[in-house]
Each structure stands twice: as structure tokens, then as C-alpha cells.
file target.cif (mmCIF, C-alpha atoms)
data_upload
#
loop_
_atom_site.label_atom_id
_atom_site.label_comp_id
_atom_site.auth_asym_id
_atom_site.auth_seq_id
_atom_site.Cartn_x
_atom_site.Cartn_y
_atom_site.Cartn_z
CA MET A 30 16.33 13.44 -3.72
CA THR A 31 19.93 13.95 -2.60
CA GLU A 32 21.45 12.33 0.48
CA ALA A 33 21.39 15.63 2.34
CA ASP A 34 17.73 16.18 1.47
CA VAL A 35 16.79 12.75 2.72
CA HIS A 36 18.70 13.27 5.92
CA THR A 37 16.72 16.39 6.80
CA LEU A 38 13.55 14.27 6.76
CA THR A 39 14.30 12.72 10.17
CA GLY A 40 12.07 15.25 11.97
CA ALA A 41 9.19 14.91 9.54
CA TYR A 42 9.55 11.12 9.68
CA VAL A 43 9.37 11.04 13.47
CA CYS A 44 6.25 13.25 13.31
CA ASP A 45 4.72 10.87 10.71
CA ALA A 46 4.53 13.94 8.48
CA LEU A 47 5.73 12.18 5.34
CA GLY A 48 3.40 10.84 2.67
CA GLU A 49 3.40 7.10 2.15
CA GLY A 50 5.94 7.11 -0.67
CA GLU A 51 8.39 9.39 1.08
CA ARG A 52 8.02 7.41 4.28
CA ALA A 53 9.00 4.21 2.48
CA ALA A 54 11.88 5.94 0.70
CA PHE A 55 13.14 7.39 3.96
CA GLU A 56 12.97 4.03 5.72
CA GLN A 57 14.95 2.52 2.91
CA HIS A 58 17.55 5.26 3.20
CA MET A 59 17.66 4.84 6.96
CA ALA A 60 18.56 1.17 6.56
CA GLN A 61 21.85 2.33 5.03
CA CYS A 62 22.33 5.40 7.22
CA PRO A 63 23.21 4.62 10.85
CA GLU A 64 23.34 8.35 11.64
CA CYS A 65 19.76 8.81 10.43
CA ALA A 66 18.62 5.78 12.44
CA ALA A 67 20.34 7.12 15.55
CA GLU A 68 18.80 10.55 15.09
CA VAL A 69 15.35 9.07 14.58
CA ARG A 70 15.81 7.03 17.73
CA GLU A 71 16.69 10.15 19.73
CA LEU A 72 13.91 12.30 18.30
CA ARG A 73 11.37 9.59 19.05
CA GLU A 74 12.10 10.06 22.74
CA VAL A 75 10.81 13.62 22.33
CA GLY A 76 7.64 12.16 20.81
CA ALA A 77 7.23 10.00 23.90
CA VAL A 78 7.36 13.08 26.14
CA MET A 79 4.91 14.92 23.86
CA ALA A 80 2.53 11.96 24.12
CA ASP A 81 2.90 11.84 27.91
CA ALA A 82 2.05 15.53 28.04
CA VAL A 83 -1.42 14.88 26.61
CA ALA A 84 -2.11 11.72 28.62
CA THR A 85 -5.82 11.32 29.28
CA ARG A 86 -7.49 8.67 31.40
CA PRO A 87 -9.22 6.31 28.98
CA PRO A 88 -12.76 5.03 29.52
CA ALA A 89 -13.01 1.70 31.37
CA SER A 90 -14.53 0.19 28.23
CA LEU A 91 -11.10 0.38 26.60
CA LYS A 92 -9.53 -2.00 29.10
CA ASP A 93 -12.40 -4.47 28.74
CA ALA A 94 -12.16 -4.38 24.95
CA VAL A 95 -8.38 -4.78 24.96
CA ASP A 96 -8.50 -7.65 27.46
CA ALA A 97 -11.12 -9.42 25.37
CA ARG A 98 -8.98 -9.00 22.25
CA ILE A 99 -5.68 -10.15 23.71
CA ARG A 100 -7.26 -13.31 25.03
CA VAL A 101 -7.82 -14.35 21.42
CA THR A 102 -4.77 -12.71 19.86
CA ARG A 103 -1.71 -14.81 19.18
CA GLN A 104 1.56 -13.00 19.84
CA ASP A 105 4.10 -12.57 17.06
CA PRO A 106 7.24 -14.62 17.48
CA PRO A 107 10.48 -12.68 17.91
CA LEU A 108 12.33 -11.70 14.76
CA THR A 109 15.25 -14.01 14.29
CA ASP A 110 18.41 -13.31 12.38
CA PRO A 111 18.83 -15.59 9.35
CA HIS A 112 22.62 -15.26 9.79
CA ALA A 113 22.60 -16.11 13.48
CA GLN A 114 24.29 -19.45 12.74
CA GLU A 115 27.32 -17.88 11.11
CA PRO A 116 30.47 -18.38 13.17
CA GLN A 117 30.84 -15.44 15.48
CA ALA A 118 32.33 -17.11 18.53
CA ALA A 119 35.48 -15.00 18.43
CA VAL A 120 33.60 -11.77 17.95
CA PRO A 121 32.51 -9.75 20.97
CA ALA A 122 28.80 -10.10 21.68
CA GLN A 123 28.36 -6.39 21.10
CA ARG A 124 29.10 -6.86 17.43
CA GLY A 125 26.65 -9.70 17.03
CA SER A 126 23.86 -7.54 18.33
CA ALA A 127 24.88 -4.66 16.08
CA GLN A 128 24.74 -6.97 13.10
CA ARG A 129 21.41 -8.27 14.19
CA ARG A 130 20.17 -4.72 14.48
CA ARG A 131 21.41 -3.92 11.01
CA ALA A 132 19.72 -7.02 9.69
CA ALA A 133 16.53 -6.01 11.46
CA TRP A 134 16.72 -2.55 9.92
CA ALA A 135 17.25 -3.98 6.48
CA ILE A 136 14.32 -6.33 6.91
CA ALA A 137 12.17 -3.51 8.25
CA ALA A 138 13.09 -1.33 5.31
CA VAL A 139 12.24 -4.01 2.78
CA LEU A 140 9.00 -4.74 4.57
CA ALA A 141 8.14 -1.06 4.67
CA LEU A 142 8.64 -0.78 0.95
CA VAL A 143 6.55 -3.80 0.23
CA VAL A 144 3.90 -3.00 2.76
CA ALA A 145 3.70 0.68 1.88
CA GLY A 146 2.51 -0.71 -1.40
CA LEU A 147 3.65 0.63 -4.63
CA GLY A 148 1.94 3.94 -4.64
CA TRP A 149 5.61 4.74 -4.48
CA ARG A 150 6.60 7.09 -7.23
CA VAL A 151 9.93 8.35 -6.05
CA ALA A 152 12.22 9.19 -8.92
CA ASP A 153 15.09 7.49 -7.17
CA GLN A 154 15.46 4.42 -9.33
CA GLN A 155 18.56 3.10 -7.63
CA ASN A 156 16.72 2.86 -4.32
CA GLN A 157 13.94 1.02 -6.04
CA ILE A 158 16.33 -1.39 -7.74
CA ASN A 159 18.15 -2.09 -4.47
CA ALA A 160 14.89 -2.73 -2.71
CA LEU A 161 13.60 -5.06 -5.40
CA ASN A 162 16.88 -6.99 -5.36
CA ALA A 163 16.70 -7.45 -1.61
CA GLN A 164 13.10 -8.50 -1.91
CA SER A 165 13.69 -10.93 -4.72
CA THR A 166 16.37 -12.67 -2.61
CA GLN A 167 13.87 -13.06 0.17
CA ILE A 168 11.20 -14.33 -2.20
CA SER A 169 13.65 -16.90 -3.59
CA GLN A 170 14.20 -18.12 -0.04
CA LEU A 171 10.45 -18.30 0.49
CA LEU A 172 9.99 -20.32 -2.71
CA ALA A 173 12.74 -22.70 -1.58
CA ALA A 174 11.19 -23.31 1.85
CA PRO A 175 10.29 -27.00 2.29
CA ASP A 176 6.75 -26.13 3.31
CA ALA A 177 6.15 -23.48 0.61
CA SER A 178 2.76 -23.96 -0.97
CA ALA A 179 1.24 -22.19 -3.96
CA THR A 180 -2.29 -21.50 -5.07
CA ARG A 181 -3.74 -19.46 -7.92
CA VAL A 182 -7.04 -17.65 -7.36
CA PRO A 183 -9.18 -15.44 -9.60
CA VAL A 184 -9.49 -11.70 -9.03
CA THR A 185 -12.99 -10.25 -9.44
CA GLY A 186 -12.98 -8.00 -12.49
CA GLY A 187 -10.34 -10.01 -14.31
CA GLY A 188 -6.92 -11.50 -13.75
CA THR A 189 -5.47 -13.87 -11.20
CA ALA A 190 -3.27 -13.85 -8.13
CA LEU A 191 -0.60 -16.43 -7.41
CA VAL A 192 -0.16 -16.84 -3.66
CA VAL A 193 2.84 -18.64 -2.16
CA ASP A 194 3.14 -19.02 1.57
CA SER A 195 5.30 -20.77 4.10
CA ARG A 196 4.40 -21.35 7.73
CA SER A 197 8.01 -21.98 8.70
CA ARG A 198 9.00 -18.55 7.34
CA ASN A 199 5.73 -16.83 8.28
CA GLU A 200 5.77 -15.16 4.90
CA VAL A 201 3.45 -14.93 1.96
CA ALA A 202 4.19 -13.63 -1.53
CA VAL A 203 1.44 -12.51 -3.90
CA SER A 204 1.93 -12.03 -7.61
CA PHE A 205 -0.78 -10.57 -9.86
CA THR A 206 -1.41 -11.22 -13.53
CA GLY A 207 -3.83 -9.29 -15.75
CA VAL A 208 -5.39 -7.20 -12.95
CA ALA A 209 -6.56 -3.72 -13.96
CA SER A 210 -5.73 -0.60 -11.92
CA ALA A 211 -8.10 0.30 -9.09
CA PRO A 212 -11.03 2.51 -10.19
CA SER A 213 -10.37 6.26 -10.06
CA GLY A 214 -10.34 7.56 -6.49
CA LYS A 215 -10.02 4.01 -5.14
CA ILE A 216 -7.14 1.88 -4.09
CA TYR A 217 -6.40 -1.82 -3.68
CA GLN A 218 -5.81 -2.79 -0.07
CA LEU A 219 -4.22 -6.09 0.87
CA TRP A 220 -5.20 -7.80 4.12
CA LEU A 221 -4.20 -10.73 6.27
CA MET A 222 -7.26 -12.30 7.81
CA THR A 223 -7.76 -14.59 10.77
CA ALA A 224 -10.24 -17.43 11.10
CA THR A 225 -12.43 -15.12 13.20
CA GLY A 226 -12.63 -12.58 10.39
CA ALA A 227 -10.27 -9.97 11.86
CA ALA A 228 -8.26 -8.29 9.11
CA ARG A 229 -4.87 -6.58 9.30
CA SER A 230 -3.89 -4.21 6.51
CA VAL A 231 -0.57 -5.03 4.89
CA GLY A 232 -0.50 -2.65 1.97
CA LEU A 233 -2.12 -0.21 -0.39
CA MET A 234 -1.60 0.06 -4.12
CA GLU A 235 -3.22 1.94 -6.98
CA SER A 236 -2.36 -0.78 -9.42
CA THR A 237 -0.98 -4.23 -8.90
CA PRO A 238 2.78 -4.27 -9.47
CA ASN A 239 4.50 -6.43 -12.05
CA HIS A 240 6.66 -8.06 -9.40
CA PRO A 241 5.61 -10.18 -6.41
CA LEU A 242 4.65 -8.52 -3.13
CA LEU A 243 6.16 -10.05 -0.03
CA VAL A 244 4.47 -9.92 3.36
CA GLU A 245 6.42 -11.03 6.40
CA GLY A 246 5.46 -11.67 9.96
CA LEU A 247 2.37 -13.80 9.50
CA ALA A 248 0.89 -14.41 12.93
CA GLY A 249 -1.39 -17.35 12.38
CA GLU A 250 -3.61 -15.61 9.84
CA THR A 251 -5.52 -18.04 7.69
CA ALA A 252 -6.12 -16.03 4.53
CA VAL A 253 -4.82 -13.19 2.42
CA GLY A 254 -7.36 -10.98 0.68
CA MET A 255 -7.68 -7.79 -1.32
CA THR A 256 -10.48 -5.22 -1.30
CA ILE A 257 -11.11 -1.99 -3.17
CA GLU A 258 -11.10 0.91 -0.70
CA PRO A 259 -11.25 4.70 -0.86
CA SER A 260 -7.82 6.08 -1.76
CA GLY A 261 -5.86 6.34 1.45
CA GLY A 262 -7.13 2.96 2.52
CA SER A 263 -9.44 1.84 5.30
CA VAL A 264 -8.89 0.62 8.80
CA LYS A 265 -11.01 -2.45 8.13
CA PRO A 266 -12.24 -3.90 4.85
CA THR A 267 -15.36 -2.01 3.80
CA THR A 268 -16.15 -3.91 0.60
CA LEU A 269 -16.34 -7.54 -0.42
CA PRO A 270 -12.89 -8.87 -1.30
CA VAL A 271 -12.00 -9.06 -5.00
CA MET A 272 -9.50 -11.77 -4.11
CA VAL A 273 -9.16 -14.23 -1.24
CA ALA A 274 -6.68 -17.05 -0.89
CA ALA A 275 -6.51 -19.47 2.03
CA LEU A 276 -3.07 -19.85 3.56
CA GLU A 277 -1.80 -23.35 4.28
CA ALA A 278 -2.23 -24.08 7.97
CA MET B 30 -0.86 6.60 36.94
CA THR B 31 0.84 4.36 39.46
CA GLY B 32 4.26 2.97 38.87
CA ARG B 33 5.14 5.63 36.32
CA GLU B 34 8.85 6.03 35.83
CA PRO B 35 10.27 9.35 36.84
CA LEU B 36 10.99 11.42 33.77
CA HIS B 37 14.74 11.32 34.30
CA ALA B 38 14.67 7.60 33.62
CA ALA B 39 14.26 8.49 29.98
CA SER B 40 17.66 10.18 29.97
CA GLN B 41 19.43 7.01 30.99
CA ALA B 42 20.95 4.77 28.37
CA PRO B 43 18.25 2.91 26.45
CA GLY B 44 17.33 -0.31 28.16
CA ALA B 45 18.81 0.78 31.49
CA GLU B 46 15.46 1.43 33.18
CA PRO B 47 15.39 -0.91 36.19
CA GLU B 48 12.08 -2.79 36.23
CA GLY B 49 11.03 -0.28 33.62
CA LEU B 50 8.55 -0.69 30.85
CA ASP B 51 11.10 -2.64 28.79
CA VAL B 52 11.30 -5.33 31.48
CA TRP B 53 7.52 -5.54 31.62
CA LEU B 54 7.31 -5.75 27.84
CA ARG B 55 9.67 -8.70 27.88
CA ARG B 56 7.33 -10.41 30.34
CA VAL B 57 4.41 -9.59 28.05
CA SER B 58 6.28 -11.22 25.17
CA LEU B 59 6.20 -14.45 27.19
CA GLY B 60 2.42 -14.34 27.05
CA ARG B 61 1.87 -13.06 30.59
CA GLN B 62 -1.43 -11.22 30.82
CA ASP B 63 -0.65 -9.99 34.35
CA ALA B 64 2.43 -8.22 32.94
CA PHE B 65 0.22 -6.72 30.25
CA ASP B 66 -2.01 -5.25 32.98
CA HIS B 67 1.02 -3.42 34.30
CA VAL B 68 2.00 -2.21 30.83
CA TYR B 69 -1.59 -1.13 30.22
CA ALA B 70 -1.60 0.96 33.39
CA GLU B 71 1.59 2.69 32.26
CA ILE B 72 0.77 3.44 28.65
CA SER B 73 -2.99 3.55 28.15
CA GLY B 74 -3.22 7.19 29.30
CA PRO B 75 -0.64 8.58 26.87
CA VAL B 76 -1.83 6.28 24.05
CA TYR B 77 -5.48 7.28 24.46
CA GLY B 78 -4.58 10.93 25.07
CA LEU B 79 -2.44 11.11 21.94
CA ALA B 80 -5.08 9.39 19.82
CA THR B 81 -7.72 11.78 21.18
CA ARG B 82 -5.50 14.76 20.52
CA ILE B 83 -4.86 13.75 16.91
CA LEU B 84 -8.27 12.35 16.01
CA ARG B 85 -10.44 14.69 18.12
CA ASP B 86 -13.24 12.13 18.12
CA PRO B 87 -13.31 10.13 21.38
CA ALA B 88 -15.00 7.12 19.78
CA GLN B 89 -12.39 6.90 17.02
CA ALA B 90 -9.61 7.56 19.52
CA GLU B 91 -10.82 4.63 21.59
CA GLU B 92 -10.82 2.37 18.53
CA VAL B 93 -7.32 3.39 17.58
CA ALA B 94 -6.08 3.07 21.18
CA GLN B 95 -7.53 -0.43 21.25
CA GLU B 96 -5.65 -1.32 18.05
CA VAL B 97 -2.42 0.10 19.47
CA LEU B 98 -2.68 -1.72 22.79
CA VAL B 99 -3.47 -5.03 21.09
CA GLU B 100 -0.49 -4.42 18.81
CA VAL B 101 1.73 -3.89 21.85
CA TRP B 102 0.57 -7.27 23.13
CA ARG B 103 1.06 -8.91 19.75
CA GLN B 104 4.42 -7.35 18.95
CA ALA B 105 5.99 -7.28 22.42
CA SER B 106 8.73 -9.66 21.28
CA ARG B 107 9.70 -7.24 18.51
CA PHE B 108 10.60 -4.45 20.91
CA ASP B 109 14.37 -3.92 20.83
CA PRO B 110 15.79 -1.85 23.73
CA ALA B 111 18.83 -1.06 21.58
CA ARG B 112 16.56 1.04 19.38
CA GLY B 113 15.12 3.32 22.03
CA SER B 114 12.98 3.29 25.14
CA ALA B 115 9.91 1.13 25.50
CA ARG B 116 7.77 4.23 25.90
CA ALA B 117 9.08 5.69 22.62
CA TRP B 118 8.38 2.36 20.90
CA VAL B 119 4.77 2.34 22.09
CA MET B 120 4.19 6.01 21.30
CA THR B 121 5.67 5.57 17.83
CA ILE B 122 3.04 2.90 17.17
CA ALA B 123 0.30 5.05 18.71
CA HIS B 124 1.26 8.10 16.68
CA ARG B 125 1.58 6.18 13.43
CA ARG B 126 -1.79 4.47 13.89
CA SER B 127 -3.54 7.71 14.81
CA VAL B 128 -2.07 9.57 11.86
CA ASP B 129 -2.85 6.73 9.49
CA ARG B 130 -6.46 6.86 10.67
CA VAL B 131 -6.59 10.63 10.18
CA ARG B 132 -5.23 10.27 6.66
CA ALA B 133 -7.71 7.51 5.83
CA GLU B 134 -10.53 9.68 7.12
CA GLN B 135 -9.24 12.64 5.15
CA ALA B 136 -9.19 10.59 2.02
CA ALA B 137 -12.73 9.40 2.66
CA ALA B 138 -14.05 12.87 3.45
CA ASP B 139 -12.37 16.18 4.12
CA ARG B 140 -14.31 16.55 7.34
CA GLN B 141 -11.42 15.77 9.67
CA GLU B 142 -9.13 18.14 7.86
CA ARG B 143 -11.61 20.96 8.28
CA ASN B 144 -12.10 20.19 11.95
CA ALA B 145 -8.40 20.07 12.55
CA ARG B 146 -7.79 23.17 10.46
CA GLU B 147 -10.10 25.17 12.68
CA THR B 148 -8.34 24.14 15.83
CA ALA B 149 -4.93 23.22 14.51
CA PRO B 150 -2.47 25.84 15.71
CA MET B 151 -2.80 24.74 19.30
CA LEU B 152 -0.06 24.34 21.82
CA PRO B 153 -0.13 21.62 24.46
CA GLU B 154 -1.26 24.09 27.12
CA GLU B 155 -4.80 23.80 25.85
CA ASP B 156 -5.04 20.17 26.81
CA VAL B 157 -3.97 20.74 30.37
CA ALA B 158 -7.51 20.57 31.72
CA GLU B 159 -8.32 17.27 30.10
CA ALA B 160 -5.04 15.60 30.92
CA VAL B 161 -4.97 13.88 34.25
CA GLU B 162 -1.39 12.77 34.61
CA GLY B 163 2.08 13.80 33.71
CA ARG B 164 2.04 17.29 35.16
CA LEU B 165 5.80 17.33 35.49
CA GLU B 166 6.32 16.32 31.86
CA ARG B 167 3.88 18.97 30.74
CA GLN B 168 5.67 21.70 32.64
CA ARG B 169 9.04 20.65 31.30
CA LEU B 170 7.70 20.34 27.79
CA ARG B 171 6.00 23.71 27.98
CA ARG B 172 9.19 25.33 29.15
CA CYS B 173 11.20 23.66 26.39
CA MET B 174 8.55 24.55 23.78
CA GLY B 175 9.03 28.14 24.89
CA GLY B 176 12.66 27.89 23.81
CA LEU B 177 11.74 27.16 20.18
CA THR B 178 11.21 29.71 17.46
CA ASP B 179 7.57 30.18 16.44
CA LEU B 180 8.16 28.34 13.18
CA GLN B 181 9.86 25.41 14.94
CA ARG B 182 7.10 25.15 17.52
CA GLU B 183 4.27 25.43 15.01
CA SER B 184 5.89 22.96 12.62
CA VAL B 185 6.43 20.36 15.34
CA THR B 186 3.02 20.75 17.01
CA LEU B 187 1.02 20.85 13.77
CA ALA B 188 2.73 17.69 12.58
CA TYR B 189 2.84 15.82 15.86
CA TYR B 190 -0.43 16.79 17.50
CA SER B 191 -2.59 17.43 14.43
CA GLY B 192 -1.24 14.73 12.14
CA TYR B 193 -0.48 16.98 9.18
CA THR B 194 2.04 16.13 6.48
CA TYR B 195 4.90 18.60 6.19
CA GLN B 196 3.40 19.77 2.90
CA GLN B 197 0.16 20.60 4.72
CA VAL B 198 2.09 22.33 7.50
CA ALA B 199 3.98 24.41 4.92
CA GLU B 200 0.66 25.36 3.32
CA LEU B 201 -0.88 26.34 6.66
CA LEU B 202 2.13 28.38 7.73
CA GLY B 203 2.84 29.84 4.30
CA ALA B 204 6.43 28.66 4.59
CA PRO B 205 8.62 26.89 2.01
CA LEU B 206 8.61 23.07 2.14
CA GLY B 207 12.33 22.82 2.76
CA THR B 208 12.12 25.25 5.64
CA VAL B 209 9.32 23.32 7.32
CA LYS B 210 11.19 20.01 6.99
CA THR B 211 14.24 21.59 8.55
CA ARG B 212 12.27 23.27 11.34
CA MET B 213 10.65 19.96 12.28
CA ARG B 214 14.07 18.42 12.58
CA ASP B 215 15.87 21.20 14.43
CA GLY B 216 12.80 21.93 16.57
CA LEU B 217 12.69 18.30 17.74
CA ALA B 218 16.46 18.29 18.22
CA ARG B 219 16.23 21.38 20.43
CA LEU B 220 13.43 19.77 22.45
CA ARG B 221 15.56 16.65 22.80
CA ASP B 222 18.45 18.66 24.20
CA CYS B 223 16.22 20.74 26.47
CA LEU B 224 14.37 17.68 27.80
CA GLY B 225 17.59 15.72 28.13
CA VAL B 226 16.15 12.64 26.40
CA GLY B 227 17.41 10.31 23.75
CA ARG B 228 21.14 10.61 24.46
#

call {"tool": "encode", "arguments": {"input": "target.cif", "output": "C-alpha cells"}}
result
Amino acid sequence: MTEADVHTLTGAYVCDALGEGERAAFEQHMAQCPECAAEVRELREVGAVMADAVATRPPASLKDAVDARIRVTRQDPPLTDPHAQEPQAAVPAQRGSAQRRRAAWAIAAVLALVVAGLGWRVADQQNQINALNAQSTQISQLLAAPDASATRVPVTGGGTALVVDSRSRNEVAVSFTGVASAPSGKIYQLWLMTATGAARSVGLMESTPNHPLLVEGLAGETAVGMTIEPSGGSVKPTTLPVMVAALEA
Amino acid sequence: MTGREPLHAASQAPGAEPEGLDVWLRRVSLGRQDAFDHVYAEISGPVYGLATRILRDPAQAEEVAQEVLVEVWRQASRFDPARGSARAWVMTIAHRRSVDRVRAEQAAADRQERNARETAPMLPEEDVAEAVEGRLERQRLRRCMGGLTDLQRESVTLAYYSGYTYQQVAELLGAPLGTVKTRMRDGLARLRDCLGVGR
């Protein structure tokens, strides 16, 4: 895909009209393309008006359900900039926030790639290499965290998963060995799970990749698990997990 | 909906809304449930309406709306006013979640696709009766939609309101993929200019 081709995807991206692989590829491109990011930001305001135009009063049961959920839902901490300590005293504040934004975009792009799972078959190898490099740096930092802790668990059907997590970084990396591809028409779905059994999807993949997957933004979840789901994934796990690993509290 | 910002607020610089949704979201990020009540009053209508529009099934729409609203609570600290309005941030989450659910359903069974295919080429006018708020936005949007070419309007509405991929839109409209991608982009850009948002 050429630069120009990717750039024309802003509209389709804002409409969520890209397939998973293209979405991830576009997000990665956007991390290096301030014009694309600016255009996406503008076009999203149109989406907000389109959503307003179909506003419908929700049933009262929605408010009750949401209130019940938020009472037991821990909020995510703000994203912090790993470079925030670098000397910037002489630089106008404006620039600091621009750098922070760029860092946030880069992190978001890496996360999107990882989280979108590796159903990603874009022929653009350079993008893939860049993404893996960025990710491997982050994984090195995770492994070096003082509270990093590792555990190896079996995967039903053969193979193992090595799980490394760090509370201080709110990250977990999962690396698979000897795990077969998901059955035809099915997909592996990775979840973060809370003590109460709530699960949050963090990625889909047809086969486990030969490099570690990194998941950021842990919000107090106590386990990572993987289920086999219909291709396209599920909103909640619908089968017994083939792999579960407790995260260090 | 009480306390709704006037539409022109959206044309101000991002983050400039006085006591706007962004201010309330910051309060939510501090764990204030009373602030969340305010945010809920502002956004639950559009979130639920959009989910209903895309999913068609009220029960599923309610589930997805619940997920979105809990995510707004959970992720409030991640909202960055430099990257757009609070409303756009919320609706981006709502749209993504609704579309992801549609795609998951499609993969499980083609039922949703058939339902949507039967009713897909709809313009927002058809939801007027069921919508309860936002009359001004609807009128403006309708007028601006009228300024698009048929292909722009159909590409944008099929993708945004029916949750189709651009490949599916191209198939439905019998138009080349590249054309549909481009029409989504220039259609949205023309709506942006007509609505006076996002600049």
C-alpha cells in the first residue's frame, strides 16, 4: 500500500469501515503522519454529529446497570509519558504536550498492532518490522521492571505460554511455544480477567505468533486467559479457556 | 437532554468548551460518580441511539451501550482534549464497539448482515420518529447530507450507520473499492465543512 493509498483511508477509518488488519496498519501509519491524525480528529467530529442525530432515550435499566458496574469498576490511571523526566525546562510547554501527544500516538499504534492480534497480513513488511522493533523495546523494559514476574502455563491441546507481568508498568507480555493454529473457522481470543470473572478482550489471532504479545493498560485484572471463539471473536468468552495465568497482585 | 451544549460549541477550538463535557470527564477521572451522572445525561442518548441504529436489536444495543458507558468511566483519564472534543471521543468508542459487535455477530451467523442488507440504504431521516433529542443537529445534518453526491452520502451512511466495511459498501453500491474509500473521505470532509466542526 503506498503512502497516498493509506492516506485516503482516513474516512473509512473514522467510519470503522476497515477490516482488522487494515485498521491496525492505518493506525501504525497515522502514528507517523500528523496530517492523517489531524484529519481523523476533524472527521471524528462529524461522527459525533451523526451520532447525536440518532440520539434515542435509553431504557432506565441502562442507567441502573451502568451505575452497578461503575461501583465495582476501577478506573484506568492516566497514561504517563516515559520521557516526562527529560529536561525540558527551557522548552515552551506547548512543545512538551506535543511530544507527549506523539508519544501517546506511538504507544496507541503499537498497542493497536498488538491488540488487533496478528490476523494482520499486510504485505507491508517495513511497517511490521518497525512495529515489532518498537514492541520489543517495550518488552525489554517490561522484563527489566523490578517487579516483573514470570510464569509458564500449559495450553490445552499442546504447547505452553510464558506470561510476564509487571504491576508497576501495568503490562503483561505473553509468549507461546508449540501451540497449534486455531481450528478452521475459529480464532484464539486473549482476555484480561478480573477477580469477579469479568473479561476484557485484548486481541484475536488465528495462530499464536512467534514473538511475544504485549498488552498494556492493565487495570487491576487478576488473570490473562485465552479461549477459542468463532472467527471474528466474541464479546465475552463463550468457551472454557485453553490457557489461564494468574497475574501477580 | 438537559445541559446539552449548543451545537456551535463543537466548532470552537478543541478543549475550549466552558464547563463542557471535557471538564466533566476530568471530574469523572477523579472518581466522582456525581460527575458521571452528568456525563451520562449528556451522552447516553447518542450512545444508545447509535448502538441501536447500527445493531438494530434493542437488547444488544443496550448491552453495547452499557459497555461503552462503563468504558467512559474507566478510561476518563485517557481522554485528551488536544485530540478532539469529548463528544467525539465518546462517540468514537461507541461506534467502534457497536461495529465490533456487528462484525462478531456476522462472523457467528450471517443473520445481522441480512437484516442490515434489507434496510441498509437508509438516510438519517428515517430515525426522526424514534429520536427524542437533537432536532437542531438533525436538521443541520440533513441539510448538509443533501449537499453530498449520492455516492458520497451512501458510502458514508452505509459505513457509519450500518457498520459495513468499505469492501461491503463497494459491493452493495457496485462501485470500485478505491472510489468508495475516497467518497467516504471526501463525503465526511464536506460534511465537516458544512457543519463547521473539527476546525

call {"tool": "interface_residues", "arguments": {"input": "target.cif", "of": "chain B", "to": "chain A", "cutoff": "6 Å", "atoms": "only C-alpha atoms", "output": "number ranges by chain"}}
result
B: 74-75, 77-79, 95, 103-104, 106-107, 113, 117, 120, 133, 136, 160-161, 163, 166-167, 188-189, 193-195, 213-214, 221, 227

call {"tool": "atom_distance", "arguments": {"input": "target.cif", "atom1": "atom CA of A:Asp176", "atom2": "atom CA of A:Ser197"}}
result
6.9 Å

call {"tool": "atom_distance", "arguments": {"input": "target.cif", "atom1": "atom CA of A:Pro266", "atom2": "atom CA of A:Gly232"}}
result
12.2 Å

call {"tool": "atom_distance", "arguments": {"input": "target.cif", "atom1": "atom CA of B:Lys210", "atom2": "atom CA of B:Gln196"}}
result
8.8 Å

call {"tool": "residues_near_point", "arguments": {"input": "target.cif", "point": "(5.7, -7.0, 25.6)", "cutoff": "12 Å", "atoms": "only C-alpha atoms", "output": "PyMOL selection string"}}
result
(chain A and resi 99+104-107) or (chain B and resi 49-69+72+98-110+115-116+118-119)

call {"tool": "residues_around", "arguments": {"input": "target.cif", "residues": "A:Leu276", "least_positions_apart": "3", "cutoff": "9 Å", "atoms": "only C-alpha atoms", "output": "number ranges by chain"}}
result
A: 178-180, 192-196, 201, 250-253

call {"tool": "write_last_selection", "arguments": {"input": "target.cif", "atoms": "C-alpha atoms", "output": "compact mmCIF listing (two decimals), in the frame of the given file"}}
result
# COMPACT_ATOMS: atom_id res chain seq x y z
CA SER A 178 2.76 -23.96 -0.97
CA ALA A 179 1.24 -22.19 -3.96
CA THR A 180 -2.29 -21.50 -5.07
CA VAL A 192 -0.16 -16.84 -3.66
CA VAL A 193 2.84 -18.64 -2.16
CA ASP A 194 3.14 -19.02 1.57
CA SER A 195 5.30 -20.77 4.10
CA ARG A 196 4.40 -21.35 7.73
CA VAL A 201 3.45 -14.93 1.96
CA GLU A 250 -3.61 -15.61 9.84
CA THR A 251 -5.52 -18.04 7.69
CA ALA A 252 -6.12 -16.03 4.53
CA VAL A 253 -4.82 -13.19 2.42

call {"tool": "resolve_selection", "arguments": {"input": "target.cif", "expression": "the PyMOL selection byres ((chain A and resi 238-246) around 6)", "output": "ChimeraX atom specification"}}
result
/A:199-204,237,247

call {"tool": "write_last_selection", "arguments": {"input": "target.cif", "atoms": "C-alpha atoms", "output": "PDB file, in the frame of the given file"}}
result
ATOM      1  CA  ASN A 199       5.730 -16.830   8.280  1.00  0.00           C
ATOM      2  CA  GLU A 200       5.770 -15.160   4.900  1.00  0.00           C
ATOM      3  CA  VAL A 201       3.450 -14.930   1.960  1.00  0.00           C
ATOM      4  CA  ALA A 202       4.190 -13.630  -1.530  1.00  0.00           C
ATOM      5  CA  VAL A 203       1.440 -12.510  -3.900  1.00  0.00           C
ATOM      6  CA  SER A 204       1.930 -12.030  -7.610  1.00  0.00           C
ATOM      7  CA  THR A 237      -0.980  -4.230  -8.900  1.00  0.00           C
ATOM      8  CA  LEU A 247       2.370 -13.800   9.500  1.00  0.00           C
TER       9      LEU A 247
END

call {"tool": "resolve_selection", "arguments": {"input": "target.cif", "expression": "the PyMOL selection byres ((chain A and resi 236) around 8)", "output": "PDB file with C-alpha atoms, keeping the file's coordinate frame"}}
result
ATOM      1  CA  LEU A 147       3.650   0.630  -4.630  1.00  0.00           C
ATOM      2  CA  GLY A 148       1.940   3.940  -4.640  1.00  0.00           C
ATOM      3  CA  VAL A 208      -5.390  -7.200 -12.950  1.00  0.00           C
ATOM      4  CA  ALA A 209      -6.560  -3.720 -13.960  1.00  0.00           C
ATOM      5  CA  SER A 210      -5.730  -0.600 -11.920  1.00  0.00           C
ATOM      6  CA  ALA A 211      -8.100   0.300  -9.090  1.00  0.00           C
ATOM      7  CA  ILE A 216      -7.140   1.880  -4.090  1.00  0.00           C
ATOM      8  CA  TYR A 217      -6.400  -1.820  -3.680  1.00  0.00           C
ATOM      9  CA  MET A 234      -1.600   0.060  -4.120  1.00  0.00           C
ATOM     10  CA  GLU A 235      -3.220   1.940  -6.980  1.00  0.00           C
ATOM     11  CA  THR A 237      -0.980  -4.230  -8.900  1.00  0.00           C
ATOM     12  CA  PRO A 238       2.780  -4.270  -9.470  1.00  0.00           C
TER      13      PRO A 238
END

call {"tool": "residues_near_point", "arguments": {"input": "target.cif", "point": "(-3.9, -14.4, -6.1)", "cutoff": "8 Å", "atoms": "all atoms listed in the file", "output": "PyMOL selection string"}}
result
chain A and resi 180-184+189-192+203-205+272-274

call {"tool": "closest_residue", "arguments": {"input": "target.cif", "among": "B:Pro87, B:Pro205, B:Gly225, B:Gly216", "to": "B:Glu183", "atoms": "only C-alpha atoms"}}
result
B:Gly216

call {"tool": "resolve_selection", "arguments": {"input": "target.cif", "expression": "the PyMOL selection byres ((chain A and resi 55) around 9)", "output": "VMD selection string"}}
result
chain A and resid 35 to 36 38 to 39 42 47 50 to 54 56 to 60 138

call {"tool": "residues_around", "arguments": {"input": "target.cif", "residues": "A:Leu269", "least_positions_apart": "5", "cutoff": "9 Å", "atoms": "all atoms listed in the file", "output": "PyMOL selection string"}}
result
chain A and resi 255-257
